[in-house]
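As provided, work04.tsv (TSV, C-alpha atoms) reads as follows.
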```tsv
chain	number	residue	atom	x	y	z
A	1	MET	CA	105.82	133.84	-91.86
A	2	ASN	CA	104.20	133.60	-95.29
A	3	THR	CA	103.21	129.95	-95.66
A	4	TYR	CA	101.21	130.40	-98.84
A	5	PRO	CA	104.06	129.60	-101.29
A	6	ILE	CA	104.29	126.14	-99.72
A	7	LEU	CA	100.53	125.67	-99.96
A	8	ARG	CA	100.47	126.94	-103.53
A	9	LYS	CA	103.17	124.48	-104.56
A	10	GLY	CA	100.95	121.61	-103.48
A	11	LEU	CA	97.79	123.09	-105.00
A	12	PHE	CA	99.51	123.71	-108.33
A	13	LEU	CA	100.21	119.98	-108.62
A	14	LEU	CA	96.43	119.56	-109.05
A	15	PRO	CA	94.35	120.55	-112.08
A	16	PRO	CA	93.34	124.21	-111.70
A	17	GLU	CA	89.63	123.66	-111.19
A	18	THR	CA	90.26	120.84	-108.71
A	19	ALA	CA	92.58	123.08	-106.70
A	20	HIS	CA	90.05	125.91	-106.87
A	21	ASN	CA	87.18	123.77	-105.60
A	22	LEU	CA	89.26	122.17	-102.86
A	23	THR	CA	90.46	125.52	-101.56
A	24	LEU	CA	86.97	126.98	-101.61
A	25	GLU	CA	85.55	123.99	-99.78
A	26	MET	CA	88.18	124.33	-97.05
A	27	ALA	CA	87.45	128.06	-96.78
A	28	HIS	CA	83.74	127.26	-96.45
A	29	LEU	CA	84.17	124.56	-93.80
A	30	PHE	CA	86.95	126.22	-91.81
A	31	PRO	CA	86.71	130.02	-92.04
A	32	GLN	CA	88.93	130.23	-88.95
A	33	LEU	CA	91.86	129.26	-91.21
A	34	ALA	CA	91.96	132.93	-92.16
A	35	ALA	CA	93.29	133.71	-88.68
A	36	GLY	CA	96.86	133.30	-89.89
A	37	TRP	CA	96.39	136.36	-92.08
A	38	GLN	CA	93.95	138.17	-89.79
A	39	PHE	CA	92.48	141.41	-91.11
A	40	SER	CA	93.73	144.49	-89.26
A	41	ASP	CA	90.55	146.52	-89.92
A	42	LYS	CA	92.23	149.92	-90.03
A	43	LYS	CA	89.56	152.59	-90.38
A	44	GLU	CA	91.86	154.91	-92.30
A	45	LEU	CA	91.63	152.47	-95.23
A	46	ASN	CA	87.85	152.73	-95.51
A	47	CYS	CA	86.61	154.17	-98.78
A	48	GLN	CA	83.29	154.98	-100.40
A	49	VAL	CA	82.21	153.16	-103.56
A	50	GLY	CA	78.87	154.55	-104.59
A	51	LYS	CA	76.67	154.27	-101.52
A	52	THR	CA	78.70	151.44	-99.97
A	53	GLU	CA	81.63	151.90	-97.62
A	54	TRP	CA	84.35	149.33	-98.30
A	55	ARG	CA	86.68	148.34	-95.45
A	56	SER	CA	89.65	148.93	-97.77
A	57	PRO	CA	90.04	149.71	-101.48
A	58	VAL	CA	90.97	146.07	-102.26
A	59	GLY	CA	87.97	143.92	-103.18
A	60	LEU	CA	87.74	140.29	-104.26
A	61	ALA	CA	86.51	140.05	-107.85
A	62	ALA	CA	83.63	137.92	-109.05
A	63	GLY	CA	84.39	134.40	-110.19
A	64	LEU	CA	86.37	133.07	-107.26
A	65	ASP	CA	83.42	132.43	-104.92
A	66	LYS	CA	80.64	131.99	-107.42
A	67	ASN	CA	78.08	130.62	-104.96
A	68	ALA	CA	78.87	132.82	-101.94
A	69	VAL	CA	79.94	129.82	-99.86
A	70	ALA	CA	82.99	131.37	-98.17
A	71	LEU	CA	81.90	134.90	-97.27
A	72	ASP	CA	82.98	134.47	-93.65
A	73	PHE	CA	86.47	133.33	-94.69
A	74	PHE	CA	87.07	136.20	-97.09
A	75	SER	CA	85.69	138.68	-94.58
A	76	ARG	CA	88.20	137.50	-91.99
A	77	LEU	CA	91.02	137.38	-94.51
A	78	GLY	CA	91.09	141.11	-95.05
A	79	PHE	CA	89.36	142.00	-98.29
A	80	GLY	CA	87.65	145.38	-98.29
A	81	SER	CA	84.65	143.83	-100.02
A	82	MET	CA	83.83	140.96	-102.35
A	83	GLU	CA	81.68	140.24	-105.35
A	84	CYS	CA	80.16	136.77	-105.59
A	85	GLY	CA	78.81	135.18	-108.77
A	86	THR	CA	78.23	135.14	-111.62
A	87	ILE	CA	74.76	133.88	-110.64
A	88	THR	CA	72.05	132.79	-113.08
A	89	VAL	CA	68.35	132.24	-112.36
A	90	ASN	CA	68.62	128.46	-112.46
A	91	PRO	CA	71.62	126.22	-111.67
A	92	GLN	CA	74.08	125.70	-114.53
A	93	ILE	CA	76.85	123.15	-114.96
A	94	GLY	CA	78.83	125.43	-117.26
A	95	ASN	CA	80.97	124.46	-120.22
A	96	PRO	CA	82.72	121.09	-120.69
A	97	LYS	CA	85.92	120.43	-118.73
A	98	PRO	CA	88.80	121.15	-118.75
A	99	ARG	CA	87.86	124.83	-118.62
A	100	MET	CA	90.48	126.45	-116.39
A	101	PHE	CA	94.16	126.76	-117.32
A	102	ARG	CA	97.27	128.21	-115.68
A	103	TYR	CA	100.08	130.17	-117.30
A	104	SER	CA	102.31	130.08	-114.26
A	105	GLU	CA	105.36	131.74	-115.81
A	106	GLU	CA	103.15	134.64	-116.85
A	107	PHE	CA	101.14	134.78	-113.59
A	108	SER	CA	97.93	134.42	-115.58
A	109	LEU	CA	94.87	132.20	-115.95
A	110	ARG	CA	92.47	131.34	-118.73
A	111	ASN	CA	88.95	130.14	-118.07
A	112	SER	CA	86.02	129.09	-120.22
A	113	MET	CA	83.76	128.25	-117.30
A	114	GLY	CA	80.42	129.41	-118.71
A	115	PHE	CA	78.84	130.55	-115.42
A	116	PRO	CA	78.70	127.25	-113.51
A	117	ASN	CA	76.70	128.04	-110.36
A	118	ASN	CA	74.05	126.70	-108.02
A	119	GLY	CA	71.42	129.21	-109.07
A	120	MET	CA	69.66	132.22	-107.63
A	121	LYS	CA	67.73	130.53	-104.81
A	122	GLU	CA	70.76	128.84	-103.23
A	123	CYS	CA	72.82	132.01	-103.51
A	124	ALA	CA	70.04	133.90	-101.74
A	125	GLU	CA	70.16	131.44	-98.84
A	126	LYS	CA	73.92	131.91	-98.50
A	127	LEU	CA	73.62	135.69	-98.54
A	128	LYS	CA	71.13	135.60	-95.69
A	129	THR	CA	73.92	134.43	-93.37
A	130	ARG	CA	76.71	136.72	-94.55
A	131	PRO	CA	78.74	138.79	-92.05
A	132	THR	CA	76.79	142.01	-91.60
A	133	SER	CA	79.86	144.24	-91.54
A	134	PHE	CA	81.33	142.85	-94.79
A	135	PRO	CA	80.32	144.63	-98.03
A	136	VAL	CA	79.15	142.10	-100.62
A	137	GLY	CA	77.99	142.64	-104.19
A	138	VAL	CA	76.36	140.07	-106.46
A	139	ASN	CA	77.33	139.58	-110.10
A	140	ILE	CA	74.37	138.40	-112.21
A	141	GLY	CA	74.26	136.97	-115.73
A	142	LYS	CA	71.97	135.51	-118.34
A	143	SER	CA	71.47	131.77	-118.78
A	144	LYS	CA	73.39	129.97	-121.48
A	145	ASN	CA	70.45	129.48	-123.84
A	146	SER	CA	68.38	132.60	-123.19
A	147	ASN	CA	67.85	135.13	-125.98
A	148	PRO	CA	68.15	138.90	-125.41
A	149	ASP	CA	64.46	139.34	-124.51
A	150	GLU	CA	64.54	136.39	-122.12
A	151	ALA	CA	67.73	137.79	-120.60
A	152	LEU	CA	65.85	140.97	-119.62
A	153	GLU	CA	63.38	138.94	-117.60
A	154	GLU	CA	66.19	136.92	-116.02
A	155	TYR	CA	68.09	140.02	-114.92
A	156	ALA	CA	64.87	141.36	-113.39
A	157	GLN	CA	64.32	138.11	-111.45
A	158	LEU	CA	67.92	138.08	-110.26
A	159	TYR	CA	67.86	141.70	-109.15
A	160	THR	CA	64.53	141.29	-107.34
A	161	THR	CA	65.75	138.22	-105.44
A	162	LEU	CA	69.38	139.10	-104.71
A	163	ALA	CA	69.47	142.89	-104.38
A	164	PRO	CA	67.77	142.92	-100.95
A	165	LEU	CA	70.45	140.55	-99.65
A	166	SER	CA	73.49	142.36	-101.06
A	167	ASP	CA	74.99	145.85	-101.03
A	168	TRP	CA	75.04	146.32	-104.80
A	169	VAL	CA	74.39	144.32	-107.98
A	170	VAL	CA	76.69	143.99	-111.00
A	171	VAL	CA	75.14	143.18	-114.37
A	172	ASN	CA	77.59	140.99	-116.26
A	173	ILE	CA	77.32	141.51	-120.02
A	174	SER	CA	81.01	141.08	-120.75
A	175	SER	CA	82.15	137.52	-120.04
A	176	PRO	CA	83.55	135.84	-123.17
A	177	ASN	CA	82.34	132.42	-121.99
A	178	THR	CA	78.57	132.63	-122.63
A	179	ALA	CA	77.41	132.75	-126.24
A	180	GLY	CA	75.73	136.03	-127.13
A	181	LEU	CA	76.47	137.73	-123.80
A	182	ARG	CA	78.88	140.35	-125.13
A	183	ASP	CA	76.39	141.17	-127.89
A	184	LEU	CA	74.29	142.80	-125.16
A	185	GLN	CA	76.84	145.63	-124.85
A	186	GLN	CA	74.72	147.72	-127.22
A	187	GLU	CA	72.76	150.90	-126.62
A	188	ASP	CA	69.34	149.62	-127.68
A	189	TRP	CA	69.45	146.56	-125.43
A	190	LEU	CA	70.89	148.54	-122.51
A	191	LYS	CA	67.97	150.96	-122.75
A	192	LYS	CA	65.59	148.01	-122.40
A	193	LEU	CA	67.63	146.70	-119.48
A	194	PHE	CA	67.38	149.91	-117.48
A	195	GLU	CA	63.71	150.37	-118.38
A	196	THR	CA	63.29	146.95	-116.75
A	197	LEU	CA	65.54	147.40	-113.73
A	198	LEU	CA	65.06	151.03	-112.66
A	199	PRO	CA	61.45	150.56	-111.45
A	200	LEU	CA	62.73	147.66	-109.34
A	201	LYS	CA	65.59	149.77	-108.03
A	202	SER	CA	63.16	152.50	-106.99
A	203	LYS	CA	61.57	149.94	-104.64
A	204	LEU	CA	64.64	148.01	-103.49
A	205	GLY	CA	67.22	150.81	-103.51
A	206	LYS	CA	70.32	148.77	-104.32
A	207	GLU	CA	72.78	150.23	-106.80
A	208	ILE	CA	73.25	148.77	-110.28
A	209	PHE	CA	76.76	148.50	-111.69
A	210	VAL	CA	77.61	147.18	-115.17
A	211	LYS	CA	80.75	145.18	-115.99
A	212	LEU	CA	82.44	145.92	-119.33
A	213	ALA	CA	84.78	143.95	-121.59
A	214	PRO	CA	88.37	145.00	-122.39
A	215	ASP	CA	88.10	143.94	-126.01
A	216	LEU	CA	85.88	146.82	-127.12
A	217	GLU	CA	87.25	149.65	-129.20
A	218	ASP	CA	88.08	152.82	-127.26
A	219	GLU	CA	85.34	154.85	-128.90
A	220	THR	CA	82.80	152.13	-128.15
A	221	LEU	CA	83.85	152.15	-124.50
A	222	ARG	CA	83.46	155.93	-124.30
A	223	HIS	CA	80.05	155.71	-125.94
A	224	LEU	CA	78.83	152.91	-123.65
A	225	THR	CA	80.04	154.78	-120.58
A	226	THR	CA	78.08	157.85	-121.67
A	227	VAL	CA	75.01	155.76	-122.45
A	228	LEU	CA	75.12	153.95	-119.11
A	229	ALA	CA	75.51	157.22	-117.22
A	230	ASP	CA	72.51	158.66	-119.06
A	231	LEU	CA	70.43	155.54	-118.47
A	232	GLY	CA	70.97	155.66	-114.71
A	233	ALA	CA	73.74	153.17	-113.97
A	234	ASP	CA	75.20	153.74	-110.51
A	235	GLY	CA	78.69	152.60	-111.46
A	236	LEU	CA	80.86	150.47	-113.71
A	237	VAL	CA	83.32	147.61	-113.30
A	238	ALA	CA	86.19	147.40	-115.79
A	239	THR	CA	87.38	145.11	-117.05
A	240	ASN	CA	86.35	141.52	-117.52
A	241	THR	CA	88.77	138.92	-118.86
A	242	THR	CA	90.19	139.30	-122.37
A	243	HIS	CA	89.80	136.97	-125.32
A	244	MET	CA	93.15	135.82	-126.74
A	245	PRO	CA	92.36	133.40	-129.59
A	246	GLU	CA	95.97	132.24	-129.81
A	247	ARG	CA	95.65	130.90	-126.27
A	248	GLY	CA	92.37	129.09	-126.82
A	249	VAL	CA	88.71	129.67	-125.95
A	250	GLY	CA	87.72	131.62	-122.88
A	251	GLY	CA	88.95	134.70	-121.07
A	252	VAL	CA	92.48	135.45	-119.90
A	253	SER	CA	93.22	137.21	-116.63
A	254	GLY	CA	96.30	138.24	-114.66
A	255	ARG	CA	99.54	139.65	-116.03
A	256	LEU	CA	98.57	138.93	-119.64
A	257	LEU	CA	95.62	141.32	-119.15
A	258	ARG	CA	97.61	143.92	-117.26
A	259	VAL	CA	98.52	146.40	-120.01
A	260	LYS	CA	95.19	146.19	-121.81
A	261	GLY	CA	93.22	146.39	-118.57
A	262	HIS	CA	94.95	149.58	-117.43
A	263	GLN	CA	94.65	151.17	-120.86
A	264	LYS	CA	90.95	150.41	-121.26
A	265	ARG	CA	90.16	151.65	-117.75
A	266	ARG	CA	91.78	154.97	-118.54
A	267	VAL	CA	89.47	155.26	-121.56
A	268	VAL	CA	86.40	154.59	-119.42
A	269	LEU	CA	87.63	157.07	-116.80
A	270	GLU	CA	87.76	159.86	-119.40
A	271	VAL	CA	83.97	159.83	-119.36
A	272	ALA	CA	83.21	158.34	-115.93
A	273	ARG	CA	85.06	161.08	-114.00
A	274	ASP	CA	83.13	163.86	-115.74
A	275	ARG	CA	79.84	162.06	-115.10
A	276	HIS	CA	80.70	161.29	-111.46
A	277	LEU	CA	80.22	157.61	-112.20
A	278	PRO	CA	82.15	155.30	-109.83
A	279	LEU	CA	84.45	152.85	-111.61
A	280	VAL	CA	85.75	149.75	-109.86
A	281	GLY	CA	88.98	148.61	-111.48
A	282	VAL	CA	89.69	144.92	-112.04
A	283	GLY	CA	92.10	143.02	-114.26
A	284	GLY	CA	95.87	142.98	-113.94
A	285	PHE	CA	96.36	144.46	-110.46
A	286	GLU	CA	99.25	142.67	-108.78
A	287	ASP	CA	101.24	145.20	-106.71
A	288	MET	CA	101.33	148.74	-105.37
A	289	ASN	CA	102.73	150.08	-108.64
A	290	ASP	CA	99.50	149.06	-110.36
A	291	VAL	CA	97.49	150.67	-107.57
A	292	LEU	CA	99.37	153.96	-107.82
A	293	ALA	CA	98.98	154.00	-111.61
A	294	TRP	CA	95.25	153.47	-111.14
A	295	TRP	CA	94.99	156.24	-108.58
A	296	ALA	CA	97.07	158.63	-110.70
A	297	SER	CA	94.63	158.17	-113.58
A	298	GLY	CA	91.71	159.03	-111.30
A	299	GLY	CA	90.65	155.57	-110.13
A	300	GLU	CA	89.92	154.57	-106.55
A	301	ALA	CA	88.75	151.09	-105.45
A	302	PHE	CA	89.78	147.95	-107.31
A	303	GLN	CA	89.42	144.17	-107.23
A	304	ILE	CA	91.84	141.26	-107.52
A	305	TYR	CA	91.50	137.58	-108.37
A	306	THR	CA	94.36	136.06	-110.35
A	307	SER	CA	97.07	137.88	-108.40
A	308	PHE	CA	95.46	136.50	-105.22
A	309	ILE	CA	95.74	132.97	-106.64
A	310	TYR	CA	99.46	133.44	-107.31
A	311	GLN	CA	100.42	135.52	-104.27
A	312	GLY	CA	97.89	134.44	-101.67
A	313	PRO	CA	96.78	136.58	-98.71
A	314	GLN	CA	100.21	138.21	-98.58
A	315	ILE	CA	99.16	140.49	-101.42
A	316	LEU	CA	96.57	142.03	-99.09
A	317	ARG	CA	99.16	142.60	-96.36
A	318	ASP	CA	101.67	144.06	-98.83
A	319	ILE	CA	99.22	146.49	-100.42
A	320	GLU	CA	97.81	147.50	-97.03
A	321	SER	CA	101.31	148.22	-95.71
A	322	HIS	CA	102.18	150.30	-98.76
A	323	ILE	CA	98.94	152.29	-98.58
A	324	LEU	CA	99.51	153.09	-94.92
A	325	GLY	CA	103.05	154.17	-95.76
A	326	PHE	CA	101.71	156.32	-98.58
A	327	LEU	CA	99.22	158.05	-96.28
A	328	THR	CA	101.94	158.71	-93.71
A	329	ARG	CA	104.26	160.15	-96.36
A	330	ALA	CA	101.43	162.30	-97.77
A	331	LYS	CA	100.44	163.45	-94.26
A	332	LEU	CA	96.86	162.35	-94.79
A	333	GLN	CA	94.64	160.83	-92.10
A	334	THR	CA	92.46	158.69	-94.35
A	335	LEU	CA	92.44	157.20	-97.82
A	336	GLN	CA	89.09	158.81	-98.54
A	337	THR	CA	90.74	162.21	-97.98
A	338	PHE	CA	93.22	161.33	-100.73
A	339	PHE	CA	90.43	160.25	-103.07
A	340	SER	CA	88.70	163.62	-102.56
A	341	LEU	CA	91.72	165.53	-103.92
A	342	GLU	CA	91.88	167.00	-107.40
A	343	PRO	CA	93.75	164.85	-109.97
A	344	ARG	CA	96.83	167.10	-110.05
A	345	GLU	CA	97.16	167.01	-106.26
A	346	ARG	CA	96.87	163.23	-106.32
A	347	GLN	CA	99.56	162.95	-108.96
A	348	LYS	CA	101.94	165.20	-107.00
A	349	LEU	CA	101.59	163.03	-103.88
A	350	ILE	CA	102.08	159.85	-105.88
A	351	ALA	CA	105.18	161.24	-107.59
A	352	ALA	CA	106.62	162.28	-104.23
A	353	PHE	CA	105.94	158.82	-102.79
A	354	GLY	CA	107.74	157.23	-105.73
A	355	ARG	CA	110.86	159.24	-104.97
```
Now that the file is in, can you turn its structure into structure tokens?
Amino acid sequence: MNTYPILRKGLFLLPPETAHNLTLEMAHLFPQLAAGWQFSDKKELNCQVGKTEWRSPVGLAAGLDKNAVALDFFSRLGFGSMECGTITVNPQIGNPKPRMFRYSEEFSLRNSMGFPNNGMKECAEKLKTRPTSFPVGVNIGKSKNSNPDEALEEYAQLYTTLAPLSDWVVVNISSPNTAGLRDLQQEDWLKKLFETLLPLKSKLGKEIFVKLAPDLEDETLRHLTTVLADLGADGLVATNTTHMPERGVGGVSGRLLRVKGHQKRRVVLEVARDRHLPLVGVGGFEDMNDVLAWWASGGEAFQIYTSFIYQGPQILRDIESHILGFLTRAKLQTLQTFFSLEPRERQKLIAAFGR
């Protein structure tokens, strides 16, 4: 029985951020609550994302568990991986409240959080106790008041401290909620970033992904993807939330991002596929139709957040069931086998499954 709709009804009577914090605190204190939706851990769903093997292609996106307080809960719940953060060097309180808003009829959220988090040192302590079999990445960002040169030093500190405790690191330069952050999505600054981080990576070995915004022009996205591949990025995450001025300040996620998110990811994939650059999809995934569209365009693993808020753990069960049905119909033993196929072969199998 899916009890989440009843729980959601009560939570949605509370202000969004209050409901968020309450739920996260319960997940932190009582990770055994995940037992009702226990993860099946089917090996045929394992997939490779860069050097990391995810337990399934469905990851939890950054932003939900900023401080890595509920890793045990989300591991038990059934996510293939998760990304905590965004983490800054020092603790931040974020932007003034209210800063999280629901659009329930449109299955969407808007947030102007501004990276509220407990800082690098506390996150490191949490990561030391994470479940060893659960893939975890860390999303890192610049402080609110740091300038571009100071941001370089901050990213270096964050990578040095958090990379050894995580499976990969995501450099966030695309949130709309920190002044000047999106201005860092420029070739000259990115060159400085990788000149700073690559010597550290040669010692620590953890992959560096970069998260991009959906509000860039297509040609800019293609150019940045090429630049990042040349500079030595190990992968990309696309996309972050979108700025919709008519809705207010902050970034919008969920169904209102769905069309733009899919379109912008296809643009990034035009370059990323040719450069063998892994791309983790995020933004607007809410059912198997979105997954199949992503796979048909050449994508593989993806992350969810807003659809999880609206649908609860059932979304994991539904997608898992559909993927297993897809593999059976396609007569494939593993999902990774499907991902290794040429694009045309993938598309044929997806079309046949749709019939």
> Please, what distance in Å, to one decimal, runs between CA of Asp188 in chain A and CA of Lys66 in chain A?
Replying inline: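 Atom-to-atom, CA of Asp188 in chain A and CA of Lys66 in chain A are spaced 29.1 Å apart.
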> Hey, which of A:Val252, A:Ala293, A:Arg346, A:Phe74 ends up closest to Arg266 in chain A? Count all atoms listed in the file.
Replying inline: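 The closest residue to Arg266 in chain A is A:Ala293.
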> Suppose you want the space between CA of Ala156 in chain A and CA of His243 in chain A; what is it in Å?
Replying inline: 28.0 Å
The centre and edge lengths of an axis-aligned box containing all atoms of range 336-339 of chain A present in the file, extended by 6 Å on each side, are to be given in Å to one decimal, as AutoDock Vina command-line options.
```
--center_x 91.2 --center_y 160.5 --center_z -100.5 --size_x 16.1 --size_y 15.4 --size_z 17.1
```
Which residues, protein or nucleic acid, reach to within 9 Å of (75.3, 131.2, -99.6) in the file's coordinates when using all atoms listed in the file, and can you give that as a PDB file with C-alpha atoms, in the coordinates of the input?
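The resulting file, result20.pdb, is reproduced below:
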```
ATOM      1  CA  ASN A  67      78.080 130.620-104.960  1.00  0.00           C
ATOM      2  CA  ALA A  68      78.870 132.820-101.940  1.00  0.00           C
ATOM      3  CA  VAL A  69      79.940 129.820 -99.860  1.00  0.00           C
ATOM      4  CA  ALA A  70      82.990 131.370 -98.170  1.00  0.00           C
ATOM      5  CA  LEU A  71      81.900 134.900 -97.270  1.00  0.00           C
ATOM      6  CA  GLU A 122      70.760 128.840-103.230  1.00  0.00           C
ATOM      7  CA  CYS A 123      72.820 132.010-103.510  1.00  0.00           C
ATOM      8  CA  ALA A 124      70.040 133.900-101.740  1.00  0.00           C
ATOM      9  CA  GLU A 125      70.160 131.440 -98.840  1.00  0.00           C
ATOM     10  CA  LYS A 126      73.920 131.910 -98.500  1.00  0.00           C
ATOM     11  CA  LEU A 127      73.620 135.690 -98.540  1.00  0.00           C
ATOM     12  CA  LYS A 128      71.130 135.600 -95.690  1.00  0.00           C
ATOM     13  CA  THR A 129      73.920 134.430 -93.370  1.00  0.00           C
ATOM     14  CA  ARG A 130      76.710 136.720 -94.550  1.00  0.00           C
TER      15      ARG A 130
END
```
>> For Met120 in chain A, find every residue with an atom within 7 Å (counting only C-alpha atoms), except residues of its own chain fewer than 4 positions away, and show them as a list in words.
In response: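 Neighbouring residues, sequence-local ones excluded: Ile87, Thr88, Val89, Asn90, Ala124 and Leu158 of chain A.
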> If you measure from CA of Ile140 in chain A to CA of Thr86 in chain A, what distance in Å do you get, rounded to one decimal?
Replying inline: 5.1 Å
>> Excluding Pro5 in chain A and its own-chain neighbours fewer than 2 positions away, which residues fall within 10 Å of it when counting only C-alpha atoms? Please give them as a PyMOL selection string.
In response: chain A and resi 2-3+7-11+310-312+314
>> So that I can see what lies close to range 170-178 of chain A, please list as a PyMOL selection string the residues with an atom at most 7 Å from it, counting only C-alpha atoms and leaving out residues fewer than 6 positions away in the same chain.
In response: chain A and resi 112-114+138-141+144+184-185+208-213+240-241+243+250-251
